[in-house]
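Shown next: input_23.cif, given as mmCIF, C-alpha atoms.
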```
data_protein
loop_
_atom_site.label_atom_id
_atom_site.label_comp_id
_atom_site.auth_asym_id
_atom_site.auth_seq_id
_atom_site.Cartn_x
_atom_site.Cartn_y
_atom_site.Cartn_z
CA MET A 1 -0.28 7.40 23.51
CA THR A 2 -1.38 10.95 24.30
CA THR A 3 -0.03 14.02 22.54
CA ASN A 4 1.50 15.13 25.85
CA GLU A 5 3.46 11.89 26.01
CA LEU A 6 4.55 12.34 22.41
CA THR A 7 5.66 15.90 23.10
CA GLN A 8 7.62 14.75 26.13
CA GLN A 9 9.39 12.14 24.02
CA ILE A 10 10.29 14.84 21.48
CA HIS A 11 11.92 16.91 24.23
CA ASN A 12 13.67 13.87 25.72
CA LYS A 13 15.19 12.77 22.42
CA LYS A 14 15.57 16.28 20.96
CA SER A 15 13.96 14.87 17.83
CA PHE A 16 10.65 14.99 16.02
CA LEU A 17 11.71 12.50 13.37
CA CYS A 18 9.35 9.86 12.03
CA ILE A 19 10.88 7.08 9.94
CA GLY A 20 8.75 5.54 7.22
CA LEU A 21 9.05 1.78 6.90
CA ASP A 22 8.08 1.41 3.25
CA VAL A 23 9.69 -1.94 2.46
CA ASP A 24 10.16 -2.88 -1.18
CA LEU A 25 11.79 -6.29 -1.67
CA ASN A 26 13.38 -4.98 -4.87
CA LYS A 27 15.27 -2.33 -2.89
CA ILE A 28 16.38 -4.04 0.30
CA PRO A 29 19.87 -5.62 0.53
CA LYS A 30 19.99 -8.88 -1.41
CA HIS A 31 21.40 -10.91 1.46
CA LEU A 32 18.18 -10.38 3.41
CA LEU A 33 16.17 -12.23 0.77
CA LYS A 34 17.59 -15.46 2.22
CA GLU A 35 15.83 -14.74 5.53
CA GLU A 36 12.59 -16.51 6.43
CA ASP A 37 10.90 -13.11 6.67
CA PRO A 38 13.05 -10.57 4.80
CA ILE A 39 10.62 -7.69 5.39
CA PHE A 40 10.67 -8.08 9.16
CA ALA A 41 14.43 -8.74 9.16
CA PHE A 42 14.93 -5.44 7.35
CA ASN A 43 12.56 -3.53 9.66
CA LYS A 44 14.10 -4.98 12.82
CA ALA A 45 17.59 -3.97 11.72
CA ILE A 46 16.43 -0.43 10.86
CA ILE A 47 14.57 -0.08 14.17
CA ASP A 48 17.51 -1.42 16.21
CA ALA A 49 19.83 1.08 14.54
CA THR A 50 17.60 4.18 14.63
CA HIS A 51 15.14 3.98 17.55
CA HIS A 52 17.17 6.39 19.67
CA LEU A 53 17.06 9.02 16.91
CA CYS A 54 13.33 9.13 16.17
CA VAL A 55 10.03 9.40 18.00
CA ALA A 56 7.80 7.59 15.51
CA TYR A 57 7.72 4.89 12.85
CA LYS A 58 5.27 4.86 9.96
CA PRO A 59 4.81 1.66 7.95
CA ASN A 60 2.93 2.33 4.72
CA THR A 61 0.57 -0.63 4.66
CA ALA A 62 0.52 -0.89 0.84
CA PHE A 63 4.11 -2.14 0.95
CA TYR A 64 2.94 -5.03 3.14
CA GLU A 65 -0.42 -5.76 1.57
CA ALA A 66 1.33 -6.14 -1.81
CA TYR A 67 2.96 -9.35 -0.52
CA GLY A 68 -0.25 -10.97 0.64
CA ILE A 69 -0.50 -12.83 3.92
CA LYS A 70 3.28 -12.93 4.37
CA GLY A 71 3.42 -9.15 4.05
CA TRP A 72 0.63 -8.68 6.57
CA GLN A 73 2.38 -11.05 8.98
CA ALA A 74 5.57 -9.00 8.59
CA LEU A 75 3.59 -5.85 9.45
CA GLU A 76 2.17 -7.58 12.52
CA LYS A 77 5.65 -8.70 13.62
CA THR A 78 6.96 -5.17 13.11
CA ILE A 79 4.31 -3.44 15.21
CA ASN A 80 4.57 -6.13 17.89
CA TYR A 81 8.34 -5.67 18.01
CA LEU A 82 7.94 -1.92 18.42
CA ASN A 83 5.24 -2.16 21.08
CA GLU A 84 7.16 -4.76 23.09
CA ASN A 85 10.65 -3.25 22.85
CA HIS A 86 10.02 0.48 22.35
CA PRO A 87 6.57 1.27 23.77
CA GLU A 88 7.51 4.95 24.08
CA ILE A 89 7.73 5.28 20.29
CA TYR A 90 4.67 6.55 18.44
CA THR A 91 3.36 4.27 15.69
CA ILE A 92 1.47 5.29 12.56
CA ALA A 93 -0.35 2.95 10.21
CA ASP A 94 -0.12 4.81 6.92
CA ALA A 95 -3.21 3.16 5.44
CA LYS A 96 -5.16 6.16 4.07
CA ARG A 97 -8.47 4.50 4.81
CA GLY A 98 -11.88 6.15 4.45
CA ASP A 99 -15.33 4.60 3.97
CA ILE A 100 -18.84 4.69 5.41
CA GLY A 101 -19.33 4.27 9.14
CA ASN A 102 -19.52 0.52 9.72
CA THR A 103 -16.59 -0.11 7.37
CA SER A 104 -14.51 2.59 9.04
CA THR A 105 -15.23 1.02 12.42
CA MET A 106 -13.78 -2.25 11.16
CA TYR A 107 -10.73 -0.51 9.71
CA ALA A 108 -10.22 1.21 13.06
CA LYS A 109 -10.50 -2.07 14.95
CA ALA A 110 -7.96 -3.66 12.62
CA PHE A 111 -5.30 -1.01 13.21
CA PHE A 112 -6.07 0.11 16.76
CA GLU A 113 -7.21 -3.08 18.47
CA ASP A 114 -5.78 -6.01 16.51
CA LEU A 115 -2.43 -4.50 15.48
CA GLY A 116 -2.10 -1.95 18.28
CA PHE A 117 -1.06 1.15 16.32
CA ASP A 118 -1.27 4.54 17.99
CA SER A 119 -2.68 6.21 14.88
CA VAL A 120 -3.85 5.70 11.32
CA THR A 121 -4.00 7.96 8.27
CA VAL A 122 -7.48 8.57 6.88
CA ALA A 123 -8.83 10.24 3.74
CA PRO A 124 -11.56 12.85 4.45
CA TYR A 125 -13.37 12.81 1.09
CA MET A 126 -16.44 10.92 2.38
CA GLY A 127 -16.95 13.28 5.30
CA LYS A 128 -17.49 13.03 9.02
CA ASP A 129 -19.33 9.69 9.15
CA SER A 130 -16.30 8.07 7.55
CA VAL A 131 -13.87 9.64 10.04
CA GLU A 132 -15.73 9.77 13.38
CA PRO A 133 -15.58 5.95 13.85
CA PHE A 134 -11.78 6.28 14.02
CA LEU A 135 -12.02 9.23 16.40
CA ALA A 136 -14.11 7.21 18.86
CA PHE A 137 -11.08 5.23 20.07
CA LYS A 138 -9.59 6.55 23.31
CA ASP A 139 -5.92 7.61 23.24
CA LYS A 140 -5.71 6.84 19.53
CA HIS A 141 -5.23 9.41 16.79
CA THR A 142 -6.67 9.83 13.33
CA ILE A 143 -4.31 11.59 10.94
CA LEU A 144 -6.39 13.31 8.29
CA LEU A 145 -5.03 13.96 4.83
CA ALA A 146 -5.15 17.75 4.54
CA LEU A 147 -2.62 18.94 1.98
CA THR A 148 -0.43 16.24 0.49
CA SER A 149 3.06 16.45 -1.03
CA ASN A 150 2.31 14.96 -4.45
CA GLN A 151 1.85 17.01 -7.62
CA GLY A 152 -1.76 15.81 -7.95
CA ALA A 153 -2.63 17.67 -4.74
CA PHE A 154 -3.31 20.67 -6.95
CA ASP A 155 -6.02 18.76 -8.83
CA PHE A 156 -8.50 19.18 -5.98
CA GLN A 157 -7.01 20.19 -2.63
CA THR A 158 -6.12 23.76 -3.52
CA LYS A 159 -9.16 24.46 -5.72
CA THR A 160 -11.36 27.29 -4.53
CA VAL A 161 -14.95 26.48 -3.57
CA ASP A 162 -17.13 29.44 -2.54
CA GLY A 163 -14.00 31.55 -2.26
CA VAL A 164 -12.10 29.18 0.06
CA GLU A 165 -9.50 26.55 -0.86
CA LEU A 166 -10.83 23.03 -0.39
CA TYR A 167 -8.07 21.95 1.99
CA LYS A 168 -8.96 24.87 4.28
CA GLN A 169 -12.60 23.78 4.27
CA VAL A 170 -11.52 20.27 5.21
CA LEU A 171 -9.48 21.62 8.12
CA GLU A 172 -12.22 23.94 9.36
CA THR A 173 -15.01 21.38 9.03
CA SER A 174 -13.03 18.63 10.74
CA LYS A 175 -12.81 20.71 13.92
CA SER A 176 -16.58 20.28 14.38
CA TRP A 177 -16.47 16.47 14.32
CA LYS A 178 -17.01 14.45 17.47
CA ASN A 179 -13.75 13.78 19.35
CA SER A 180 -11.87 16.10 16.98
CA GLU A 181 -9.24 16.53 19.70
CA ASN A 182 -7.99 13.12 18.47
CA LEU A 183 -7.19 14.52 15.03
CA MET A 184 -3.78 15.11 13.52
CA TYR A 185 -3.18 16.21 9.94
CA VAL A 186 -0.96 15.32 7.01
CA VAL A 187 0.65 18.33 5.36
CA GLY A 188 3.37 17.70 2.78
CA ALA A 189 6.80 19.25 3.27
CA THR A 190 6.75 20.38 -0.35
CA LYS A 191 3.83 22.64 0.61
CA ALA A 192 5.72 24.45 3.38
CA GLU A 193 4.54 27.86 2.16
CA PHE A 194 0.96 26.84 3.03
CA LEU A 195 1.79 26.00 6.65
CA GLY A 196 1.29 29.54 7.93
CA GLU A 197 -2.30 29.55 6.68
CA ILE A 198 -2.86 26.04 8.03
CA ARG A 199 -1.66 27.05 11.49
CA LYS A 200 -4.23 29.85 11.56
CA ILE A 201 -6.96 27.18 11.34
CA ILE A 202 -5.43 24.43 13.49
CA PRO A 203 -2.84 26.14 15.71
CA ASP A 204 -2.59 23.39 18.31
CA SER A 205 -2.78 20.15 16.30
CA PHE A 206 0.09 17.84 15.45
CA LEU A 207 1.07 17.77 11.79
CA LEU A 208 2.59 14.73 10.11
CA VAL A 209 4.86 16.15 7.42
CA PRO A 210 6.13 13.74 4.75
CA GLY A 211 8.35 14.76 1.87
CA VAL A 212 11.56 15.82 3.62
CA GLY A 213 14.49 14.19 1.91
CA ALA A 214 13.81 12.20 -1.26
CA GLN A 215 10.83 14.36 -2.23
CA GLY A 216 12.72 17.61 -1.77
CA GLY A 217 11.01 19.17 1.25
CA ASN A 218 13.03 21.61 3.36
CA LEU A 219 13.17 20.99 7.12
CA GLN A 220 13.95 24.59 8.07
CA ASP A 221 11.01 25.95 6.06
CA VAL A 222 8.62 23.41 7.56
CA CYS A 223 9.70 24.34 11.09
CA LYS A 224 9.61 28.07 10.38
CA TYR A 225 5.97 28.00 9.29
CA GLY A 226 4.62 24.87 10.97
CA MET A 227 6.06 24.57 14.46
CA ASN A 228 3.89 25.65 17.39
CA ASP A 229 4.54 26.12 21.11
CA SER A 230 4.30 22.35 21.69
CA ILE A 231 6.48 21.57 18.63
CA GLY A 232 3.44 20.02 16.93
CA LEU A 233 5.40 18.37 14.12
CA LEU A 234 6.35 14.87 13.08
CA ILE A 235 8.74 15.06 10.14
CA ASN A 236 8.73 11.87 8.12
CA SER A 237 11.57 10.55 6.00
CA SER A 238 11.32 7.12 4.38
CA ARG A 239 13.45 6.34 1.33
CA GLY A 240 16.12 8.88 2.25
CA ILE A 241 16.86 6.91 5.43
CA ILE A 242 15.98 3.25 4.97
CA TYR A 243 17.56 2.91 1.52
CA ALA A 244 20.76 4.79 2.29
CA SER A 245 22.66 1.61 1.41
CA GLN A 246 21.92 -1.77 -0.13
CA ASP A 247 25.03 -3.34 1.35
CA GLU A 248 25.32 -5.33 4.56
CA ASN A 249 25.92 -2.08 6.44
CA PHE A 250 22.44 -0.81 5.45
CA ALA A 251 21.27 -0.32 9.03
CA GLU A 252 24.34 1.70 9.98
CA ALA A 253 23.93 3.82 6.84
CA ALA A 254 20.27 4.42 7.74
CA ALA A 255 21.32 5.51 11.23
CA GLU A 256 23.80 7.98 9.73
CA LYS A 257 21.07 9.56 7.60
CA ALA A 258 18.70 9.67 10.56
CA GLU A 259 21.44 11.24 12.68
CA GLU A 260 21.84 14.03 10.11
CA LEU A 261 18.20 15.00 10.57
CA HIS A 262 18.41 14.47 14.31
CA VAL A 263 21.27 16.94 14.58
CA GLN A 264 19.32 19.54 12.63
CA MET A 265 16.23 18.97 14.77
CA ALA A 266 18.17 19.23 18.03
CA GLU A 267 19.61 22.52 16.84
CA ILE A 268 16.15 23.86 15.94
CA LEU A 269 14.74 22.80 19.32
CA SER A 270 17.58 24.55 21.16
CA LEU A 271 16.77 27.95 19.63
#
```

Using structure tokens, write down the structure that the file contains.
Amino acid sequence: MTTNELTQQIHNKKSFLCIGLDVDLNKIPKHLLKEEDPIFAFNKAIIDATHHLCVAYKPNTAFYEAYGIKGWQALEKTINYLNENHPEIYTIADAKRGDIGNTSTMYAKAFFEDLGFDSVTVAPYMGKDSVEPFLAFKDKHTILLALTSNQGAFDFQTKTVDGVELYKQVLETSKSWKNSENLMYVVGATKAEFLGEIRKIIPDSFLLVPGVGAQGGNLQDVCKYGMNDSIGLLINSSRGIIYASQDENFAEAAAEKAEELHVQMAEILSL
């Protein structure tokens, strides 16, 4: 999917909501544990109830890998279900991969070719030869970790090196990489005050912004500092939506939470 297609979907749905599918078997409704594949059963119900309210889904692969082959099969079923039934929806493999070139190529093949995701999150610490293999795939996007929402982000990302914060060096350097037009960036919602500076470096790129909801990020602040002329934002909410209820009405409760954000987003887009 191209960014133009993603932007068009945002305008069509009046939403730039991304829903994180981070499935923990200890948190899903107990009645689903009787299903042959409880992870996929949960995801399917969430997708069926919320697909009209969001433009993207983001499974965090750790929550699938933790359950071995059955978890990976549930991830495969989930992405296949999305691609077959809602091909207009943008899909993100939140895998945070990053390794030397030949390994990165194999990671990219796994998520782009085998599973058919539109994008994958990648850590930039090993530099361009760990990221460019992802960028080589046509109409696929690499979402680079730039400034994350966790407290540990201050350990390294905001440290000054030669007078410039490290995250700014990552942003600036990444623009010189081959096929950098295929880059998007992760910027945590809890770092909204940094978005103005980030937009000076990458004014036109899409930003994936986790941390709205359970982690305390503020939607209005993120939009104030991070939105560009093409919207340029995907706001992710995971736990705040998918675990709104542990009862049999969990999917309806998730839709209600997603609708709350959708209403706010539609209002912002109408301004």

Show me a table, sorted first by chain and then by increasing residue number, of the residues of segment 141-233 of chain A having an atom at most 10 Å from segment 126-129 of chain A, each with its shortest atom pair and the distance in Å to one decimal, counting only C-alpha atoms and written as JSON lines.
```
{"residue": "A:Val170", "atom": "CA", "partner": "A:Gly127", "partner_atom": "CA", "distance": 8.9}
{"residue": "A:Thr173", "atom": "CA", "partner": "A:Lys128", "partner_atom": "CA", "distance": 8.7}
{"residue": "A:Ser174", "atom": "CA", "partner": "A:Lys128", "partner_atom": "CA", "distance": 7.4}
{"residue": "A:Ser176", "atom": "CA", "partner": "A:Lys128", "partner_atom": "CA", "distance": 9.1}
{"residue": "A:Trp177", "atom": "CA", "partner": "A:Lys128", "partner_atom": "CA", "distance": 6.4}
{"residue": "A:Lys178", "atom": "CA", "partner": "A:Lys128", "partner_atom": "CA", "distance": 8.6}
```

Selection in question (the file shown): the PyMOL selection byres ((chain A and resi 225) around 7). Which residues does it include, as a list in words?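 Checked against the file, the PyMOL selection byres ((chain A and resi 225) around 7) matches Ala192, Leu195, Gly196, Asp221, Val222, Cys223, Lys224, Gly226 and Met227 of chain A.
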
Residue neighbourhood Glu5 of chain A, 12 Å, only C-alpha atoms, exclusion window fewer than 4 positions, as JSON, numbers by chain: {"A": [1, 9, 10, 11, 12, 55, 87, 88, 89, 90, 118, 139, 230]}

Nearest to Ile235 of chain A, chosen from A:Phe40, A:Tyr185, A:Tyr125, A:Tyr67, with all atoms listed in the file counted in the distances: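 Looking only at the distances to Ile235 of chain A, the closest residue turns out to be A:Tyr185.
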
List, as a list in words, every residue that the PyMOL selection byres ((chain A and resi 151-156) around 10) selects in the file provided. Ala146, Leu147, Thr148, Ser149, Asn150, Gln157, Thr158, Lys159, Thr160, Glu165, Leu166, Tyr167, Gly188, Thr190 and Lys191 of chain A

Near Gln73 of chain A, counting only C-alpha atoms, which residues have an atom at most 12 Å away, once you skip same-chain residues fewer than 5 positions from it, shown as a list in words? Glu36, Asp37, Pro38, Ile39, Phe40, Thr61, Tyr64, Glu65, Ala66, Tyr67, Gly68, Thr78, Ile79, Asn80 and Leu115 of chain A

Grab the residues selected above and save them as a tab-separated table (two decimals), keeping the file's coordinate frame with C-alpha atoms.
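Writing the result to again-v5.tsv gives the following:
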```tsv
chain	number	residue	atom	x	y	z
A	36	GLU	CA	12.59	-16.51	6.43
A	37	ASP	CA	10.90	-13.11	6.67
A	38	PRO	CA	13.05	-10.57	4.80
A	39	ILE	CA	10.62	-7.69	5.39
A	40	PHE	CA	10.67	-8.08	9.16
A	61	THR	CA	0.57	-0.63	4.66
A	64	TYR	CA	2.94	-5.03	3.14
A	65	GLU	CA	-0.42	-5.76	1.57
A	66	ALA	CA	1.33	-6.14	-1.81
A	67	TYR	CA	2.96	-9.35	-0.52
A	68	GLY	CA	-0.25	-10.97	0.64
A	78	THR	CA	6.96	-5.17	13.11
A	79	ILE	CA	4.31	-3.44	15.21
A	80	ASN	CA	4.57	-6.13	17.89
A	115	LEU	CA	-2.43	-4.50	15.48
```

Students should find that atom CA of Lys27 of chain A and atom CA of Cys54 of chain A are spaced 22.3 Å

Could you state the separation of atom CA of Gly116 of chain A and atom CA of Thr50 of chain A in Å, given to one decimal place? 21.0 Å

Find the residues near His31 of chain A: any atom within 10 Å, counting only C-alpha atoms, skip ones fewer than 5 places away on the same chain, and give them as a list of chain:residue names.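 Everything that qualifies: A:Pro38, A:Gln246, A:Asp247, A:Glu248.
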
Expansion of the PyMOL selection byres ((chain A and resi 238) around 7) into residues, as a PyMOL selection string: chain A and resi 19-22+236-237+239-242

From A:Leu53, A:Val186, A:Leu32, A:Ile201, residue lying nearest Gln169 of chain A [all atoms listed in the file]: A:Ile201

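In terms of minimum interatomic distance to Val187 of chain A, A:Leu145 ranks closest within A:Ala254, A:Val23, A:Leu135, A:Leu145, counting all atoms listed in the file.
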
Box centre and edge lengths (Å, one decimal), axis-aligned, segment 71-80 of chain A plus 5 Å each side, as JSON:
```
{"center_x": 3.8, "center_y": -7.2, "center_z": 11.0, "size_x": 16.3, "size_y": 17.6, "size_z": 23.8}
```

If you measure from atom CA of Phe206 of chain A to atom CA of Leu6 of chain A, what distance in Å do you get, rounded to one decimal?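 Straight-line distance from atom CA of Phe206 of chain A to atom CA of Leu6 of chain A works out to 9.9 Å.
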
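The smallest atom-to-atom distance between Leu25 of chain A and any of A:Ala110, A:His141, A:Tyr243, A:Pro133, using all atoms listed in the file, is found for A:Tyr243.
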
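Taking only C-alpha atoms into account, Gly101 of chain A lies nearest to A:Glu132 out of the set A:Glu132, A:Thr121, A:Lys77, A:Glu84.
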
Atoms are missing here; could segment 118-129 of chain A be completed with all heavy atoms and written as an mmCIF file, in the coordinates of the input?
```cif
data_model
loop_
_atom_site.group_PDB
_atom_site.id
_atom_site.type_symbol
_atom_site.label_atom_id
_atom_site.label_comp_id
_atom_site.auth_asym_id
_atom_site.auth_seq_id
_atom_site.Cartn_x
_atom_site.Cartn_y
_atom_site.Cartn_z
ATOM 1 N N ASP A 118 -0.819 3.338 17.289
ATOM 2 C CA ASP A 118 -1.270 4.540 17.990
ATOM 3 C C ASP A 118 -2.143 5.423 17.104
ATOM 4 O O ASP A 118 -2.946 6.219 17.613
ATOM 5 C CB ASP A 118 -0.078 5.370 18.464
ATOM 6 C CG ASP A 118 0.715 4.673 19.549
ATOM 7 O OD1 ASP A 118 0.098 4.220 20.522
ATOM 8 O OD2 ASP A 118 1.951 4.583 19.416
ATOM 9 N N SER A 119 -1.970 5.318 15.789
ATOM 10 C CA SER A 119 -2.680 6.210 14.880
ATOM 11 C C SER A 119 -2.793 5.569 13.505
ATOM 12 O O SER A 119 -2.096 4.604 13.192
ATOM 13 C CB SER A 119 -1.936 7.553 14.773
ATOM 14 O OG SER A 119 -0.635 7.343 14.249
ATOM 15 N N VAL A 120 -3.666 6.163 12.688
ATOM 16 C CA VAL A 120 -3.850 5.700 11.320
ATOM 17 C C VAL A 120 -4.176 6.902 10.442
ATOM 18 O O VAL A 120 -4.842 7.843 10.884
ATOM 19 C CB VAL A 120 -4.976 4.625 11.240
ATOM 20 C CG1 VAL A 120 -6.315 5.195 11.680
ATOM 21 C CG2 VAL A 120 -5.077 4.027 9.838
ATOM 22 N N THR A 121 -3.672 6.890 9.212
ATOM 23 C CA THR A 121 -4.000 7.960 8.270
ATOM 24 C C THR A 121 -5.335 7.658 7.601
ATOM 25 O O THR A 121 -5.634 6.516 7.266
ATOM 26 C CB THR A 121 -2.900 8.147 7.214
ATOM 27 O OG1 THR A 121 -2.715 6.922 6.496
ATOM 28 C CG2 THR A 121 -1.594 8.584 7.856
ATOM 29 N N VAL A 122 -6.118 8.713 7.394
ATOM 30 C CA VAL A 122 -7.480 8.570 6.880
ATOM 31 C C VAL A 122 -7.750 9.658 5.841
ATOM 32 O O VAL A 122 -7.353 10.811 6.015
ATOM 33 C CB VAL A 122 -8.507 8.676 8.041
ATOM 34 C CG1 VAL A 122 -9.934 8.765 7.521
ATOM 35 C CG2 VAL A 122 -8.358 7.482 8.980
ATOM 36 N N ALA A 123 -8.426 9.283 4.765
ATOM 37 C CA ALA A 123 -8.830 10.240 3.740
ATOM 38 C C ALA A 123 -10.182 10.848 4.116
ATOM 39 O O ALA A 123 -11.091 10.130 4.534
ATOM 40 C CB ALA A 123 -8.926 9.548 2.377
ATOM 41 N N PRO A 124 -10.350 12.178 3.965
ATOM 42 C CA PRO A 124 -11.560 12.850 4.450
ATOM 43 C C PRO A 124 -12.665 12.986 3.414
ATOM 44 O O PRO A 124 -13.709 13.546 3.719
ATOM 45 C CB PRO A 124 -11.035 14.233 4.819
ATOM 46 C CG PRO A 124 -9.972 14.487 3.791
ATOM 47 C CD PRO A 124 -9.333 13.142 3.523
ATOM 48 N N TYR A 125 -12.474 12.481 2.206
ATOM 49 C CA TYR A 125 -13.370 12.810 1.090
ATOM 50 C C TYR A 125 -14.820 12.440 1.358
ATOM 51 O O TYR A 125 -15.733 13.115 0.901
ATOM 52 C CB TYR A 125 -12.870 12.111 -0.177
ATOM 53 C CG TYR A 125 -13.555 12.562 -1.448
ATOM 54 C CD1 TYR A 125 -13.196 13.772 -2.056
ATOM 55 C CD2 TYR A 125 -14.540 11.793 -2.046
ATOM 56 C CE1 TYR A 125 -13.811 14.198 -3.209
ATOM 57 C CE2 TYR A 125 -15.167 12.211 -3.203
ATOM 58 C CZ TYR A 125 -14.802 13.414 -3.794
ATOM 59 O OH TYR A 125 -15.410 13.825 -4.943
ATOM 60 N N MET A 126 -15.069 11.364 2.122
ATOM 61 C CA MET A 126 -16.440 10.920 2.380
ATOM 62 C C MET A 126 -17.068 11.588 3.604
ATOM 63 O O MET A 126 -18.201 11.275 3.969
ATOM 64 C CB MET A 126 -16.501 9.402 2.505
ATOM 65 C CG MET A 126 -16.203 8.683 1.187
ATOM 66 S SD MET A 126 -16.331 6.884 1.297
ATOM 67 C CE MET A 126 -18.107 6.675 1.459
ATOM 68 N N GLY A 127 -16.334 12.488 4.238
ATOM 69 C CA GLY A 127 -16.950 13.280 5.300
ATOM 70 C C GLY A 127 -16.915 12.666 6.679
ATOM 71 O O GLY A 127 -16.280 11.642 6.921
ATOM 72 N N LYS A 128 -17.656 13.332 7.596
ATOM 73 C CA LYS A 128 -17.490 13.030 9.020
ATOM 74 C C LYS A 128 -17.885 11.612 9.395
ATOM 75 O O LYS A 128 -17.280 11.003 10.281
ATOM 76 C CB LYS A 128 -18.265 14.037 9.865
ATOM 77 C CG LYS A 128 -19.775 13.873 9.881
ATOM 78 C CD LYS A 128 -20.386 14.823 10.904
ATOM 79 C CE LYS A 128 -21.888 14.608 11.023
ATOM 80 N NZ LYS A 128 -22.472 15.488 12.055
ATOM 81 N N ASP A 129 -18.910 11.036 8.739
ATOM 82 C CA ASP A 129 -19.330 9.690 9.150
ATOM 83 C C ASP A 129 -18.347 8.629 8.707
ATOM 84 O O ASP A 129 -18.461 7.469 9.117
ATOM 85 C CB ASP A 129 -20.748 9.371 8.657
ATOM 86 C CG ASP A 129 -20.915 9.542 7.166
ATOM 87 O OD1 ASP A 129 -20.136 10.293 6.567
ATOM 88 O OD2 ASP A 129 -21.836 8.924 6.589
#
```
